[in-house]
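Comments concern the structure below.
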Amino acid sequence: MNLLGPDLTLMLGLLAGVLCVVGLQGLSHPTTARRGNLCAMLGVGLAVVLALLHPSVQAYGWVLAGLAVGAAVGIPLARRTPLTALPQLVAMFHSLVGLAAGLVAVGMFMRHDVLDVLQTKETLEMGVGAAIGLITLTGSVLAALKLQGVVSGTPWRWVGRHWLNLGLAVGLVLMCAVFVATHSGWALALICLLALVLGVTVVAPIGGADMPVVVSMLNSYSGWAAAATGFMLEQPLLVLVGALVGVSGAILSYVMCHAMQRSFVSVILGGFGSAGTEAAAVGTTDGGKAPQLAGVEDVAYRLSEAERVIVVPGYGMAVAQAQHAVKSLMVTLGERHVEVLFAIHPVAGRMPGHMNVLLAEADIPYDMVLELDDVNPRFAEADVVLILGANDVVNPAAQTHKGSPIYGMPVLEAWHAKQVYVVKRSHRPGYAGVDNPLFTMDNCALVLGDAKDVVEKIGTALKAA
Amino acid sequence: MNLLGPDLTLMLGLLAGVLCVVGLQGLSHPTTARRGNLCAMLGVGLAVVLALLHPSVQAYGWVLAGLAVGAAVGIPLARRTPLTALPQLVAMFHSLVGLAAGLVAVGMFMRHDVLDVLQTKETLEMGVGAAIGLITLTGSVLAALKLQGVVSGTPWRWVGRHWLNLGLAVGLVLMCAVFVATHSGWALALICLLALVLGVTVVAPIGGADMPVVVSMLNSYSGWAAAATGFMLEQPLLVLVGALVGVSGAILSYVMCHAMQRSFVSVILGGFGSAGTEAAAVGTTDGGKAPQLAGVEDVAYRLSEAERVIVVPGYGMAVAQAQHAVKSLMVTLGERHVEVLFAIHPVAGRMPGHMNVLLAEADIPYDMVLELDDVNPRFAEADVVLILGANDVVNPAAQTHKGSPIYGMPVLEAWHAKQVYVVKRSHRPGYAGVDNPLFTMDNCALVLGDAKDVVEKIGTALKAA
Amino acid sequence: MDASLLAWLMVVLVLGSVIGYFVVWGVTPALHTPLMAVTNAISGIVVVAAILVAGPAIVGPESCTTLACTQATGLGFWQWAARVFGFLAVALCAVNIFGGFAITARMLAMYKPRSTPAANPERKAERKA
Amino acid sequence: MDASLLAWLMVVLVLGSVIGYFVVWGVTPALHTPLMAVTNAISGIVVVAAILVAGPAIVGPESCTTLACTQATGLGFWQWAARVFGFLAVALCAVNIFGGFAITARMLAMYKPRSTPAANPERKAERKA
Ligand SMILES: NC(=O)c1ccc[n+]([C@@H]2O[C@H](COP(=O)([O-])OP(=O)(O)OC[C@H]3O[C@@H](n4cnc5c(N)ncnc54)[C@H](OP(=O)(O)O)[C@@H]3O)[C@@H](O)[C@H]2O)c1
Ligand SMILES: NC(=O)c1ccc[n+]([C@@H]2O[C@H](COP(=O)([O-])OP(=O)(O)OC[C@H]3O[C@@H](n4cnc5c(N)ncnc54)[C@H](OP(=O)(O)O)[C@@H]3O)[C@@H](O)[C@H]2O)c1
């Protein structure tokens, strides 16, 4: 059916794109976020309807079957996956978009190669679409496997890997040129093969802890892949939405790298969070003073005396799944009229906003959760700061130690509080592998143990007090 | 010359538009603002070059002469106009854009009517362009004259003015329809005439104090007029930039109305700041308690004892041109190691950012100037708050008096300070015409006199102390 | 102005990127995880392309009188192959769309403001003020 | 996609408005006055249209063989009138552009951060902290 003329289609596509923008804009505040999600759904739904109304589309059965299969797989997946597995799930989803973009490029080639004379412009777009899509595919799959722990998170490093990657990339560009010149299906097949291999060899040398940056980068790629298919199929809507997603992923990668004080290039080339640097960092320990230790009762006592408490959650809280225990501690403190706030560093945990989701999951109201700039002036007034499995994000060396790899990174200035307790399992350093001078300060004491365990025990002791 | 193909022209036009966006983005912070202005200049410059390279342009002499005349008039005007006359100047500039848009529409008609058969689409765009442009012209001229005081600022109200305006607007729409239908030059002439009259009758009933909202609205109109000419001449760049300007003006009007707690419609229809409401408001004065008065010496003494002082400038500072006197007072206090901050309400003065420009003119560093949200928590710690010709923006009734016309407007909570001094000339109310309960509070005293005079005297007394 | 479609798509790409820049920087850091999930879902917009690959009718050699067929053999095979590829792409994108929006909704449902004043832990501070 | 130019211009209008929304809300309130001045200057972009009205060559009746002239009389007069209107429009827009940017630059040059630490009035507070 050709109910809509090209102009009306363009306008409605524009509307769909704007709905997606409005959707993202909704995420500027938790109160509007749900409405935003609905808007984005409407936008994508409208896009699907427009595609179905495209004059060339006739095989509705196939299309609807595909949509139904997708829904039947996707919705239960989203319902059942535990939130802790979210990074993996997001990575898996990216791989699907990447594969879809690749399939579209190849499918377009198959159809048009026999029915039309291909134009240079089209072949270029097909080559680029297939390449970006399939790099995204294997890169994301490997990232997801590393995050899930199916594949070891330790970086695989081999001699000459930078040269290999460079070689593959050059080969890919060359094959694209050959494909554009010859329009040969073999060239396209080789592009696909090279792209699949390149996705693996780029991600493999990167450590598991750096995966969030990689996932974000692949998010960006999936957007640009969508934009490339938009050029191929002359669909402005795909170009618009693809650009949105592409920019979003790029900005999130930037935010993470910036907050870690690392260059994006150094993350992608690997070389951080590896065994080598960690050993070196541990070697620099001055070891002069041992940190004080404290017991659960000490903490409970100080908390019972306190008026203002700030909790700083970190990666350890996620590992220990301690968020529900934290919530009950918060309630207990609330009953005793202690003011509790949560301080979240932009890169606490392992993905942007990680801690916020966990706290939200445990039903902790978002207006008790403060960000870096808002909370830093408040530490001085806090009686107790409870650090739960956070380390790098409260490291004063970021302000004082010029040589430290995290020097210059803005941190939570927990040390201004009257008393700081750090809950962790050992004396090991955090993600960046550097020592934390906070632990040996006079107003700080470590509480060794699993975060969930310790928090539950503190709660019990506090109730008894 | 047709050096550039249509695609390249489009891309370069896009670049020019993006440069304008980057320019506006620069205004997000004073440190990047100058660079932003340069970007915007580059963008407009590129646009002019592209227009000169358009294949149909041949009469370079005329065009360059026009540009030269404009530069010769505009630059000295911008150099010499005192900053206090800025609102008028901006309004005058809008009228020029409006007139230019009108001339373009009529010029296009003259040329095409004899050489081509006009299309419906073109005539519609010409009619709309001429109408918006010429409303902008007379409206802006009248606004500028009111702001300059050449024409009295008191609203001109006549019975049935709403009906007149409605009638003119309906007539305008009808004439546009006639023009589209007949392509007759007479219809276009009538459109122009009606638009010119409508500009006057819309702005005349609005009080002088409401002119900033009107100026902003006309700014928006000038943008939409540019977009309309973009449609007429099929120039995407004009559409893009016109939309930017149109939205900007609309947002600024919204910001002003929102901060005044008034609806845009009520401003445009008039009925506020008029003699009627003012009298009524004065009538509601409870008059129970007379405000305390203080002398210049009292203020100087308290200042010399203070550690933290917050200055709240308002419209009166602009009237008195007291900013340079304020600056020297600030320096004197600085020499005595008193911490001075400036608190600026979003609608202090008579146009958005009014106070900021004046303080900047007096060389007061912008990082000593705080906005509402940042400064409100600080009043409690201030020893002295010095209010210079501000009134509505520090009115506690906005938080307490449900019936007050400014109820709900966020205000500067100066009353939390230990001591408040208000410098003004009389007991008269401010712009909104409502009483200010702050003046009769125990920790507040009025210092009667012209702001500049008083501030200079305080400075002298302080030096003597 | 008779610019090509390609040029207009470039305009859309650039303006879309600019919009993306502004809208993403406006997202509060607390919602960066839902942001990843929702952009993931909307990148499933590739489904539009997938539908256009899966949807077209399969034409026989007779159409080659109007189309510029390059080869008459395998005409049906390659079209069917394209349709299957398109179908797979539709399904994959749909997983993304439905899954991505569902998980975003699930996450966002968890973000709640302070509600019951009884459990309000700042009460003490407010009481003092 | 063979959408009309009008439709593409609508796309530009909508995307431009969205960008305007984001960019203007991003402007710090302290710079709202310069914002008014600079948007004023860039609205002088109408000069592009003015140039296209002032610039074209004046054609004689002989061109009416190719053009769809509606009337042969007054051909030159109306074209000249259009050119004069265009010239005036160019000049008016140029006043706006040059004047607007100059006054914006003049204003922005006044916004300065705290420079000389000697005159820094927060010194006392910092000393205490
Ligand atoms: N958020 C992001 O987007 C992102 C992305 C990539 C990288 N990063 C990086 O990740 C780091 C995040 O900082 P962070 O302070 O949150 O974490 P961190 O520096 O990695 O420290 C986590 C701490 O938690 C402790 N821990 C682990 N499991 C625990 C458990 N079950 N119970 C109690 N404690 C436990 C660990 O000590 P023990 O082993 O002694 O228990 C460790 O010191 C930063 O360096 C950041 O740059 C963040
Ligand atoms: N900024 C904007 O964009 C904008 C736009 C439109 C409307 N407005 C409105 O304007 C008002 C601005 O509030 P505001 O507090 O700045 O001003 P205001 O409420 O209008 O008060 C100004 C005060 O300054 C005093 N004053 C006037 N000339 C003086 C002089 N030479 N020396 C000393 N004092 C003098 C006046 O009292 P005396 O007469 O007794 O001296 C008056 O009380 C708000 O109501 C706002 O809604 C603002």
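Chains: A, B, ... in order of the structure tokens. Residues: from 1 per chain. Ligands: from 1, in order shown.
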
Expected selection as a ChimeraX atom specification for ligand 2 within 6 Å, only C-alpha atoms and all ligand atoms: /B:210,212,256,260,314-316,319-320,347-352,389-393,423-432,450-451

Please write the residues from the selection above to a file, keeping N, CA, C and O atoms, as a short mmCIF file (atom, residue, chain, number, x, y, z; two decimals), in the first residue's frame.
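Writing done, so here's selection.cif:
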data_model
loop_
_atom_site.label_atom_id
_atom_site.label_comp_id
_atom_site.auth_asym_id
_atom_site.auth_seq_id
_atom_site.Cartn_x
_atom_site.Cartn_y
_atom_site.Cartn_z
N ASP B 210 6.71 46.40 31.02
CA ASP B 210 6.59 45.07 30.42
C ASP B 210 7.32 44.96 29.09
O ASP B 210 7.31 43.90 28.47
N PRO B 212 10.39 44.60 28.22
CA PRO B 212 11.40 43.54 28.00
C PRO B 212 10.78 42.25 27.47
O PRO B 212 11.33 41.61 26.58
N MET B 256 11.25 35.12 31.58
CA MET B 256 10.83 36.34 32.27
C MET B 256 9.45 36.17 32.88
O MET B 256 9.24 36.47 34.06
N MET B 260 8.36 36.01 36.86
CA MET B 260 7.44 37.01 37.41
C MET B 260 6.14 36.37 37.83
O MET B 260 5.23 37.06 38.28
N GLY B 314 19.29 45.74 42.31
CA GLY B 314 18.00 45.65 41.63
C GLY B 314 17.86 46.79 40.64
O GLY B 314 18.84 47.51 40.35
N TYR B 315 16.66 46.94 40.18
CA TYR B 315 16.41 47.94 39.15
C TYR B 315 16.91 49.32 39.55
O TYR B 315 17.42 50.09 38.71
N GLY B 316 16.78 49.66 40.84
CA GLY B 316 17.22 50.97 41.30
C GLY B 316 18.70 51.23 41.05
O GLY B 316 19.11 52.36 40.77
N VAL B 319 18.88 52.38 37.55
CA VAL B 319 18.37 53.75 37.40
C VAL B 319 19.41 54.75 37.88
O VAL B 319 19.68 55.76 37.22
N ALA B 320 20.01 54.45 39.04
CA ALA B 320 20.96 55.39 39.63
C ALA B 320 22.33 55.28 38.97
O ALA B 320 23.22 56.09 39.26
N VAL B 347 15.20 37.85 37.49
CA VAL B 347 14.54 39.00 36.86
C VAL B 347 14.79 40.30 37.60
O VAL B 347 13.98 41.22 37.51
N ALA B 348 15.90 40.40 38.29
CA ALA B 348 16.26 41.70 38.85
C ALA B 348 16.47 42.66 37.68
O ALA B 348 16.96 42.26 36.63
N GLY B 349 16.11 43.90 37.88
CA GLY B 349 16.25 44.87 36.80
C GLY B 349 15.11 44.75 35.82
O GLY B 349 14.00 44.35 36.19
N ARG B 350 15.37 45.10 34.58
CA ARG B 350 14.28 45.11 33.62
C ARG B 350 14.52 44.26 32.39
O ARG B 350 13.72 44.24 31.47
N MET B 351 15.63 43.56 32.34
CA MET B 351 15.77 42.56 31.27
C MET B 351 16.62 41.43 31.80
O MET B 351 17.31 41.59 32.80
N PRO B 352 16.54 40.24 31.18
CA PRO B 352 17.26 39.11 31.74
C PRO B 352 18.76 39.37 31.74
O PRO B 352 19.32 39.83 30.74
N GLY B 389 18.25 49.22 45.63
CA GLY B 389 17.20 49.43 44.63
C GLY B 389 16.55 48.16 44.14
O GLY B 389 16.08 48.11 43.01
N ALA B 390 16.55 47.12 44.96
CA ALA B 390 15.78 45.92 44.61
C ALA B 390 14.58 45.90 45.52
O ALA B 390 14.61 46.42 46.64
N ASN B 391 13.50 45.31 45.07
CA ASN B 391 12.30 45.33 45.88
C ASN B 391 11.54 44.02 45.71
O ASN B 391 11.57 43.16 46.60
N ASP B 392 10.92 43.81 44.56
CA ASP B 392 10.12 42.60 44.37
C ASP B 392 10.95 41.34 44.54
O ASP B 392 10.45 40.33 45.05
N VAL B 393 12.20 41.39 44.13
CA VAL B 393 13.00 40.16 44.12
C VAL B 393 13.44 39.75 45.52
O VAL B 393 14.03 38.68 45.69
N VAL B 423 18.44 50.21 50.29
CA VAL B 423 18.65 51.57 49.78
C VAL B 423 17.62 51.85 48.72
O VAL B 423 17.58 51.17 47.69
N LYS B 424 16.73 52.80 48.96
CA LYS B 424 15.78 53.25 47.94
C LYS B 424 15.37 54.68 48.23
O LYS B 424 15.73 55.23 49.28
N ARG B 425 14.64 55.30 47.30
CA ARG B 425 14.42 56.73 47.44
C ARG B 425 13.18 57.09 48.25
O ARG B 425 13.04 58.20 48.71
N SER B 426 12.25 56.15 48.36
CA SER B 426 10.96 56.50 48.95
C SER B 426 10.33 55.24 49.52
O SER B 426 10.95 54.18 49.57
N HIS B 427 9.07 55.35 49.92
CA HIS B 427 8.35 54.17 50.39
C HIS B 427 7.54 53.53 49.28
O HIS B 427 6.73 52.65 49.53
N ARG B 428 7.75 53.97 48.07
CA ARG B 428 6.95 53.44 46.96
C ARG B 428 7.29 51.97 46.69
O ARG B 428 8.42 51.53 46.91
N PRO B 429 6.29 51.22 46.18
CA PRO B 429 6.57 49.82 45.86
C PRO B 429 7.37 49.69 44.57
O PRO B 429 7.61 50.69 43.87
N GLY B 430 7.76 48.48 44.24
CA GLY B 430 8.54 48.23 43.02
C GLY B 430 7.65 47.96 41.84
O GLY B 430 6.48 48.35 41.81
N TYR B 431 8.20 47.26 40.87
CA TYR B 431 7.55 47.01 39.59
C TYR B 431 6.18 46.36 39.73
O TYR B 431 5.23 46.74 39.06
N ALA B 432 6.09 45.36 40.60
CA ALA B 432 4.83 44.62 40.71
C ALA B 432 3.78 45.41 41.49
O ALA B 432 2.63 45.00 41.56
N ASP B 450 19.13 58.26 46.68
CA ASP B 450 19.52 57.67 45.40
C ASP B 450 20.65 56.66 45.64
O ASP B 450 21.58 56.91 46.43
N ALA B 451 20.56 55.53 44.98
CA ALA B 451 21.49 54.44 45.25
C ALA B 451 22.95 54.87 45.09
O ALA B 451 23.80 54.56 45.93
#

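For these identical-sequence chains, chain C and chain D, a least-squares overlay on all C-alpha positions gives an RMSD of 0.0 Å.
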
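Atom pair atom CA of Leu52 of chain D / atom CA of Val57 of chain B: separated by 6.3 Å.
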
Contact residues (chain C, partner chain A, 6 Å, only C-alpha atoms) as number ranges by chain: C: 9, 12-13, 16-17, 20, 23-24, 26-33, 39, 43, 46, 48, 50, 55-57, 68-71, 78-79, 82, 85, 87, 89-92, 94-96, 98-99, 102-103, 110-114, 121-122, 124

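You will find atom CA of Val394 of chain B at 5.0 Å from atom CA of Leu412 of chain B.
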
Chain C contacts on chain D, only C-alpha atoms, 7 Å, as a list in words: Leu15, Ile19 and Phe22 of chain D

Test item, alpha helix (DSSP H) assignment across segment 2-108 of chain D, answer as a PyMOL selection string: chain D and resi 5-25+32-42+47-54+75-108

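Taking atom CA of Ser253 of chain A as the reference point, atom 44 (C, counted along the ligand's line) of ligand 1 is found at 13.8 Å.
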
Strand (DSSP E or B) positions in segment 316-392 of chain B, given as a count of residues only: 14

Selection near Val173 of chain A, 12 Å with only C-alpha atoms, sequence-local residues under 3 positions removed, as a PyMOL selection string: chain A and resi 124+127-128+131-132+166-170+176-180+187-188+190-192+194-195

Those same residues, written as a CSV table (one decimal), in the first residue's frame with all heavy atoms?
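Final output, saved to result.csv:
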chain,number,residue,atom,x,y,z
A,124,LEU,N,29.4,1.3,-1.4
A,124,LEU,CA,30.1,1.9,-0.3
A,124,LEU,C,29.4,1.8,1.0
A,124,LEU,O,29.9,1.3,2.1
A,124,LEU,CB,30.5,3.4,-0.6
A,124,LEU,CG,31.3,4.1,0.5
A,124,LEU,CD1,32.6,3.4,0.6
A,124,LEU,CD2,31.5,5.5,0.1
A,127,GLY,N,29.2,-1.8,2.2
A,127,GLY,CA,30.5,-2.2,2.8
A,127,GLY,C,30.7,-1.7,4.2
A,127,GLY,O,31.0,-2.4,5.2
A,128,VAL,N,30.4,-0.4,4.3
A,128,VAL,CA,30.6,0.3,5.6
A,128,VAL,C,29.6,-0.3,6.7
A,128,VAL,O,30.0,-0.6,7.8
A,128,VAL,CB,30.4,1.8,5.5
A,128,VAL,CG1,30.4,2.4,6.9
A,128,VAL,CG2,31.6,2.4,4.7
A,131,ALA,N,30.7,-3.8,7.7
A,131,ALA,CA,31.9,-3.7,8.5
A,131,ALA,C,31.6,-3.3,10.0
A,131,ALA,O,31.9,-4.0,10.9
A,131,ALA,CB,33.0,-2.8,7.9
A,132,ILE,N,31.0,-2.1,10.1
A,132,ILE,CA,30.7,-1.6,11.5
A,132,ILE,C,29.8,-2.6,12.2
A,132,ILE,O,30.0,-3.0,13.4
A,132,ILE,CB,30.0,-0.3,11.4
A,132,ILE,CG1,30.8,0.8,10.6
A,132,ILE,CG2,29.8,0.3,12.9
A,132,ILE,CD1,30.2,2.2,10.7
A,166,LEU,N,46.1,-3.3,13.2
A,166,LEU,CA,46.3,-2.4,12.2
A,166,LEU,C,46.2,-3.0,10.8
A,166,LEU,O,45.5,-2.5,9.9
A,166,LEU,CB,47.6,-1.7,12.4
A,166,LEU,CG,47.9,-0.5,11.5
A,166,LEU,CD1,47.0,0.6,11.9
A,166,LEU,CD2,49.4,-0.1,11.6
A,167,GLY,N,46.8,-4.2,10.7
A,167,GLY,CA,46.8,-4.9,9.5
A,167,GLY,C,45.3,-5.3,9.1
A,167,GLY,O,44.9,-5.1,7.9
A,168,LEU,N,44.6,-5.8,10.0
A,168,LEU,CA,43.2,-6.1,9.7
A,168,LEU,C,42.4,-4.9,9.3
A,168,LEU,O,41.6,-5.0,8.4
A,168,LEU,CB,42.5,-6.8,11.0
A,168,LEU,CG,43.0,-8.2,11.3
A,168,LEU,CD1,42.5,-8.6,12.7
A,168,LEU,CD2,42.4,-9.2,10.3
A,169,ALA,N,42.6,-3.8,10.0
A,169,ALA,CA,41.8,-2.6,9.7
A,169,ALA,C,42.2,-2.1,8.3
A,169,ALA,O,41.3,-1.8,7.5
A,169,ALA,CB,42.1,-1.5,10.7
A,170,VAL,N,43.5,-2.1,8.0
A,170,VAL,CA,43.9,-1.7,6.6
A,170,VAL,C,43.3,-2.7,5.6
A,170,VAL,O,42.7,-2.2,4.5
A,170,VAL,CB,45.4,-1.7,6.5
A,170,VAL,CG1,45.8,-1.5,5.0
A,170,VAL,CG2,46.0,-0.6,7.4
A,176,CYS,N,37.0,-2.9,1.2
A,176,CYS,CA,35.8,-2.0,0.9
A,176,CYS,C,36.1,-1.4,-0.5
A,176,CYS,O,35.2,-1.3,-1.3
A,176,CYS,CB,35.7,-0.9,2.0
A,176,CYS,SG,34.8,-1.5,3.4
A,177,ALA,N,37.3,-0.9,-0.7
A,177,ALA,CA,37.7,-0.3,-1.9
A,177,ALA,C,37.5,-1.3,-3.1
A,177,ALA,O,36.9,-1.0,-4.1
A,177,ALA,CB,39.1,0.2,-1.9
A,178,VAL,N,37.9,-2.5,-2.9
A,178,VAL,CA,37.8,-3.5,-3.9
A,178,VAL,C,36.3,-3.8,-4.2
A,178,VAL,O,35.9,-3.8,-5.3
A,178,VAL,CB,38.5,-4.9,-3.5
A,178,VAL,CG1,38.1,-6.0,-4.4
A,178,VAL,CG2,40.0,-4.7,-3.4
A,179,PHE,N,35.5,-3.9,-3.1
A,179,PHE,CA,34.1,-4.1,-3.3
A,179,PHE,C,33.4,-3.0,-4.1
A,179,PHE,O,32.6,-3.2,-5.0
A,179,PHE,CB,33.5,-4.3,-1.9
A,179,PHE,CG,32.0,-4.5,-1.9
A,179,PHE,CD1,31.4,-5.5,-2.7
A,179,PHE,CD2,31.1,-3.7,-1.2
A,179,PHE,CE1,30.0,-5.7,-2.7
A,179,PHE,CE2,29.8,-3.9,-1.2
A,179,PHE,CZ,29.2,-4.9,-2.0
A,180,VAL,N,33.8,-1.8,-3.7
A,180,VAL,CA,33.2,-0.6,-4.4
A,180,VAL,C,33.6,-0.7,-5.9
A,180,VAL,O,32.8,-0.4,-6.8
A,180,VAL,CB,33.6,0.7,-3.8
A,180,VAL,CG1,33.2,1.9,-4.6
A,180,VAL,CG2,33.0,0.8,-2.4
A,187,ALA,N,34.1,-10.0,-2.4
A,187,ALA,CA,34.7,-8.9,-1.6
A,187,ALA,C,33.9,-8.6,-0.4
A,187,ALA,O,34.4,-8.4,0.7
A,187,ALA,CB,34.8,-7.7,-2.5
A,188,LEU,N,32.6,-8.6,-0.6
A,188,LEU,CA,31.7,-8.4,0.6
A,188,LEU,C,31.9,-9.5,1.6
A,188,LEU,O,32.0,-9.2,2.8
A,188,LEU,CB,30.3,-8.3,0.1
A,188,LEU,CG,29.3,-7.9,1.2
A,188,LEU,CD1,29.6,-6.5,1.8
A,188,LEU,CD2,27.8,-7.9,0.7
A,190,LEU,N,34.5,-11.2,2.2
A,190,LEU,CA,35.8,-11.0,2.9
A,190,LEU,C,35.7,-9.8,3.9
A,190,LEU,O,36.3,-9.9,5.0
A,190,LEU,CB,36.9,-10.7,1.8
A,190,LEU,CG,37.8,-11.9,1.5
A,190,LEU,CD1,38.7,-11.5,0.4
A,190,LEU,CD2,38.5,-12.3,2.8
A,191,ILE,N,35.0,-8.8,3.5
A,191,ILE,CA,34.7,-7.7,4.4
A,191,ILE,C,34.1,-8.2,5.7
A,191,ILE,O,34.6,-7.9,6.8
A,191,ILE,CB,33.8,-6.6,3.8
A,191,ILE,CG1,34.5,-5.8,2.7
A,191,ILE,CG2,33.3,-5.6,4.9
A,191,ILE,CD1,33.7,-4.8,2.0
A,192,CYS,N,33.1,-9.1,5.5
A,192,CYS,CA,32.4,-9.6,6.7
A,192,CYS,C,33.4,-10.4,7.5
A,192,CYS,O,33.4,-10.2,8.8
A,192,CYS,CB,31.3,-10.5,6.3
A,192,CYS,SG,29.9,-9.6,5.4
A,194,LEU,N,36.7,-10.2,7.7
A,194,LEU,CA,37.7,-9.4,8.4
A,194,LEU,C,37.0,-8.7,9.6
A,194,LEU,O,37.6,-8.5,10.7
A,194,LEU,CB,38.2,-8.4,7.4
A,194,LEU,CG,39.3,-8.9,6.4
A,194,LEU,CD1,39.6,-7.9,5.4
A,194,LEU,CD2,40.5,-9.4,7.1
A,195,ALA,N,35.8,-8.2,9.4
A,195,ALA,CA,35.1,-7.4,10.4
A,195,ALA,C,34.9,-8.3,11.7
A,195,ALA,O,35.1,-7.9,12.8
A,195,ALA,CB,33.8,-6.8,10.0
